[in-house]
file work39.cif (mmCIF, C-alpha atoms)
data_target
#
loop_
_atom_site.label_atom_id
_atom_site.label_comp_id
_atom_site.auth_asym_id
_atom_site.auth_seq_id
_atom_site.Cartn_x
_atom_site.Cartn_y
_atom_site.Cartn_z
CA MET O 1 -5.17 -0.20 25.79
CA ARG O 2 -2.99 2.73 26.66
CA ILE O 3 -0.72 2.25 23.62
CA ILE O 4 -3.66 2.29 21.23
CA ALA O 5 -4.80 5.65 22.61
CA VAL O 6 -1.30 7.11 22.22
CA ILE O 7 -0.79 6.03 18.59
CA PRO O 8 -3.39 8.36 17.03
CA LEU O 9 -2.14 11.23 19.17
CA LEU O 10 1.47 10.66 18.04
CA PHE O 11 0.44 10.68 14.41
CA ILE O 12 -1.72 13.74 14.74
CA LEU O 13 1.22 15.52 16.34
CA SER O 14 3.58 14.27 13.61
CA GLY O 15 1.34 15.48 10.79
CA CYS O 16 0.07 12.04 9.76
CA SER O 17 -3.58 11.25 10.06
CA ILE O 18 -5.56 8.10 10.38
CA PRO O 19 -8.40 8.19 7.85
CA ASN O 20 -10.85 6.65 10.28
CA GLN O 21 -9.96 5.27 13.69
CA ASP O 22 -12.70 2.66 13.41
CA THR O 23 -10.81 -0.58 12.84
CA SER O 24 -13.89 -2.49 11.73
CA THR O 25 -12.53 -3.40 8.29
CA PRO O 26 -9.38 -5.37 7.48
CA GLU O 27 -7.99 -2.34 5.62
CA LYS O 28 -8.43 -0.03 8.60
CA THR O 29 -7.01 -2.66 10.94
CA LEU O 30 -3.93 -3.07 8.76
CA TYR O 31 -3.48 0.69 8.40
CA THR O 32 -3.54 1.09 12.17
CA LYS O 33 -1.11 -1.81 12.53
CA ILE O 34 1.32 -0.12 10.12
CA LEU O 35 1.11 3.18 11.98
CA HIS O 36 1.88 1.30 15.18
CA ALA O 37 4.87 -0.44 13.54
CA ILE O 38 6.19 2.93 12.38
CA ASN O 39 5.74 4.44 15.84
CA VAL O 40 7.48 1.66 17.71
CA GLN O 41 9.96 0.94 14.87
CA ASP O 42 9.05 -2.76 14.90
CA GLN O 43 7.40 -4.51 11.97
CA ASN O 44 7.51 -8.03 13.46
CA GLU O 45 3.74 -8.18 13.94
CA LEU O 46 3.12 -7.91 10.17
CA SER O 47 2.69 -11.14 8.21
CA ASP O 48 3.72 -11.87 4.63
CA LEU O 49 0.07 -11.72 3.64
CA GLU O 50 -0.26 -8.29 5.23
CA TYR O 51 2.76 -7.05 3.29
CA ASP O 52 1.05 -8.22 0.10
CA GLN O 53 -2.13 -6.41 1.16
CA ILE O 54 -0.19 -3.19 1.77
CA GLY O 55 1.04 -3.33 -1.82
CA GLU O 56 -2.49 -3.92 -3.08
CA TYR O 57 -3.87 -0.99 -1.09
CA ILE O 58 -1.13 1.32 -2.38
CA SER O 59 -1.83 0.09 -5.93
CA GLU O 60 -5.42 1.25 -5.53
CA GLY O 61 -4.11 4.82 -5.17
CA GLY O 62 -5.78 5.85 -1.91
CA SER O 63 -4.04 8.98 -0.67
CA HIS O 64 -3.69 7.72 2.90
CA TRP O 65 -1.83 4.66 1.57
CA VAL O 66 0.31 6.50 -0.99
CA VAL O 67 1.58 8.97 1.62
CA LEU O 68 2.94 6.05 3.64
CA TYR O 69 5.44 5.29 0.85
CA PRO O 70 8.44 7.14 2.36
CA LYS O 71 7.83 5.55 5.76
CA LEU O 72 7.53 2.10 4.20
CA LYS O 73 10.80 2.64 2.29
CA SER O 74 12.66 3.13 5.58
CA SER O 75 13.17 1.47 8.93
CA PRO O 76 11.64 -0.76 10.28
CA PHE O 77 10.58 -2.15 6.88
CA LEU O 78 13.97 -2.24 5.13
CA GLY O 79 14.63 -5.91 5.90
CA GLU O 80 11.59 -7.00 3.91
CA THR O 81 13.30 -7.34 0.52
CA SER O 82 10.40 -8.55 -1.61
CA PHE O 83 8.14 -5.95 -0.02
CA GLN O 84 10.67 -3.20 -0.79
CA GLU O 85 10.91 -4.35 -4.42
CA GLY O 86 7.12 -4.36 -4.72
CA LEU O 87 6.62 -0.86 -3.30
CA ASN O 88 7.69 0.91 -6.49
CA ILE O 89 5.51 -1.41 -8.56
CA ALA O 90 2.56 -0.61 -6.29
CA MET O 91 3.33 3.10 -6.66
CA ALA O 92 3.42 2.74 -10.44
CA HIS O 93 -0.09 1.32 -10.33
CA ALA O 94 -1.14 4.14 -7.99
CA LEU O 95 0.26 6.63 -10.51
CA ALA O 96 -2.44 5.60 -12.98
CA ILE O 97 -5.15 6.29 -10.41
CA ASN O 98 -3.80 9.10 -8.25
CA PRO O 99 -1.01 10.83 -10.16
CA SER O 100 -1.04 14.09 -8.19
CA GLU O 101 -0.36 12.33 -4.89
CA THR O 102 1.98 9.68 -6.29
CA LEU O 103 4.21 12.11 -8.19
CA GLN O 104 5.15 13.78 -4.91
CA PHE O 105 7.26 10.74 -4.07
CA VAL O 106 9.04 10.31 -7.41
CA ASP O 107 12.75 11.05 -7.33
CA LYS O 108 15.87 10.24 -9.34
CA ASP O 109 16.23 6.88 -7.56
CA ASN O 110 12.75 5.55 -8.29
CA ILE O 111 11.58 7.38 -11.44
CA ASN O 112 12.43 4.45 -13.72
CA ASP O 113 10.29 2.11 -11.63
CA ILE O 114 7.36 4.32 -10.68
CA CYS O 115 7.09 6.01 -14.08
CA GLY O 116 7.81 2.85 -16.04
CA ILE O 117 5.72 -0.16 -17.03
CA PRO O 118 5.10 -2.12 -13.79
CA PHE O 119 4.77 -5.65 -15.07
CA ILE O 120 7.04 -8.67 -15.11
CA GLU O 121 5.58 -10.63 -18.03
CA PRO O 122 2.75 -8.48 -19.38
CA THR O 123 0.60 -9.06 -22.39
CA ASP O 124 0.56 -6.38 -25.07
CA ASN O 125 -2.98 -5.45 -23.99
CA GLU O 126 -1.89 -4.95 -20.36
CA ILE O 127 0.97 -2.72 -21.45
CA TYR O 128 -1.15 -0.56 -23.77
CA ARG O 129 -4.02 -0.29 -21.30
CA TYR O 130 -1.68 0.73 -18.48
CA TYR O 131 0.24 3.16 -20.70
CA LEU O 132 -2.89 4.92 -21.96
CA GLN O 133 -4.53 5.06 -18.53
CA THR O 134 -1.40 6.36 -16.81
CA ARG O 135 -0.45 8.87 -19.49
CA THR O 136 -3.99 10.24 -19.57
CA ALA O 137 -4.14 10.42 -15.78
CA ILE O 138 -0.88 12.35 -15.57
CA LEU O 139 -1.89 14.75 -18.34
CA THR O 140 -5.37 15.43 -16.98
CA LYS O 141 -5.03 15.14 -13.20
CA ALA O 142 -1.46 16.03 -12.29
CA ALA O 143 -0.44 19.64 -12.05
CA GLU O 144 1.83 20.66 -14.88
CA SER O 145 5.29 20.46 -13.42
CA GLN O 146 8.80 19.49 -14.30
CA LEU O 147 8.32 16.25 -12.37
CA SER O 148 5.19 15.24 -14.26
CA ALA O 149 7.00 16.02 -17.53
CA LYS O 150 9.96 13.85 -16.48
CA CYS O 151 7.60 11.08 -15.47
CA LEU O 152 5.80 11.24 -18.82
CA LEU O 153 9.14 11.12 -20.61
CA GLN O 154 10.12 8.01 -18.64
CA LEU O 155 6.73 6.40 -19.30
CA ASP O 156 7.12 7.07 -23.03
CA LYS O 157 10.64 5.59 -22.97
CA ALA O 158 9.36 2.49 -21.20
CA MET O 159 6.62 2.13 -23.79
CA GLU O 160 9.09 2.46 -26.66
CA TYR O 161 11.34 -0.13 -25.05
CA SER O 162 8.34 -2.43 -24.65
CA LYS O 163 7.53 -2.09 -28.35
CA VAL O 164 11.10 -2.93 -29.32
CA MET O 165 11.14 -5.99 -27.07
CA ASN O 166 7.88 -7.34 -28.52
#

call {"tool": "encode", "arguments": {"input": "work39.cif", "output": "structure tokens"}}
result
Amino acid sequence: MRIIAVIPLLFILSGCSIPNQDTSTPEKTLYTKILHAINVQDQNELSDLEYDQIGEYISEGGSHWVVLYPKLKSSPFLGETSFQEGLNIAMAHALAINPSETLQFVDKDNINDICGIPFIEPTDNEIYRYYLQTRTAILTKAAESQLSAKCLLQLDKAMEYSKVMN
């Protein structure tokens, strides 16, 4: 019980916040579990299913999930290869929903993935729907910045490439 009481305090002191300490939903339980894994630098308590759920929650664009991205891209999560590969895909989906928050984590190493088309074998409709939704979201919700302009440029390039390939 003592560890659970310390975890929220450590995150408050470190600038991270827990959206709601009530762990009555699976999402809140998993969020708390991730914060604990970050604190103790041990991800062994997370299952493959939970890693999949993390990606889904990030894809939904919730700010408290998106801001975990840099922590999830580092230790203790580095050994989870398929999870690491899926993080940028999840962030690309989050970009369409929460561009202002997501763009904060775009850099030269991940811009092609996060600002690209995040599908393996998409249909034309999936590509166009994603492209229009994401482009519109960036233009209307993200602050005008050099980063949003670079992201739009990359998204446009990915769309052009998709057209050529189909």

call {"tool": "residues_around", "arguments": {"input": "work39.cif", "residues": "region 124-129 of chain O", "least_positions_apart": "3", "cutoff": "12 Å", "atoms": "all atoms listed in the file", "output": "ChimeraX atom specification"}}
result
/O:93,96,116-121,132-136,155-156,158-166

call {"tool": "resolve_selection", "arguments": {"input": "work39.cif", "expression": "the PyMOL selection byres ((chain O and resi 70-86) around 8)", "output": "list of chain:residue names"}}
result
O:Ala37, O:Ile38, O:Gln41, O:Asp42, O:Gln43, O:Tyr51, O:Asp52, O:Gly55, O:Val67, O:Leu68, O:Tyr69, O:Leu87, O:Asn88, O:Ile89, O:Ala90, O:Phe105

call {"tool": "residues_near_point", "arguments": {"input": "work39.cif", "point": "(12.1, 10.3, -4.7)", "cutoff": "12 Å", "atoms": "all atoms listed in the file", "output": "VMD selection string"}}
result
chain O and resid 69 to 70 73 88 91 102 to 115 147 151

call {"tool": "atom_distance", "arguments": {"input": "work39.cif", "atom1": "CA of Ile97 (chain O)", "atom2": "CA of Gly61 (chain O)"}}
result
5.5 Å

call {"tool": "closest_residue", "arguments": {"input": "work39.cif", "among": "O:Leu35, O:Val40, O:Ala149, O:Leu30", "to": "Tyr57 (chain O)", "atoms": "only C-alpha atoms"}}
result
O:Leu30
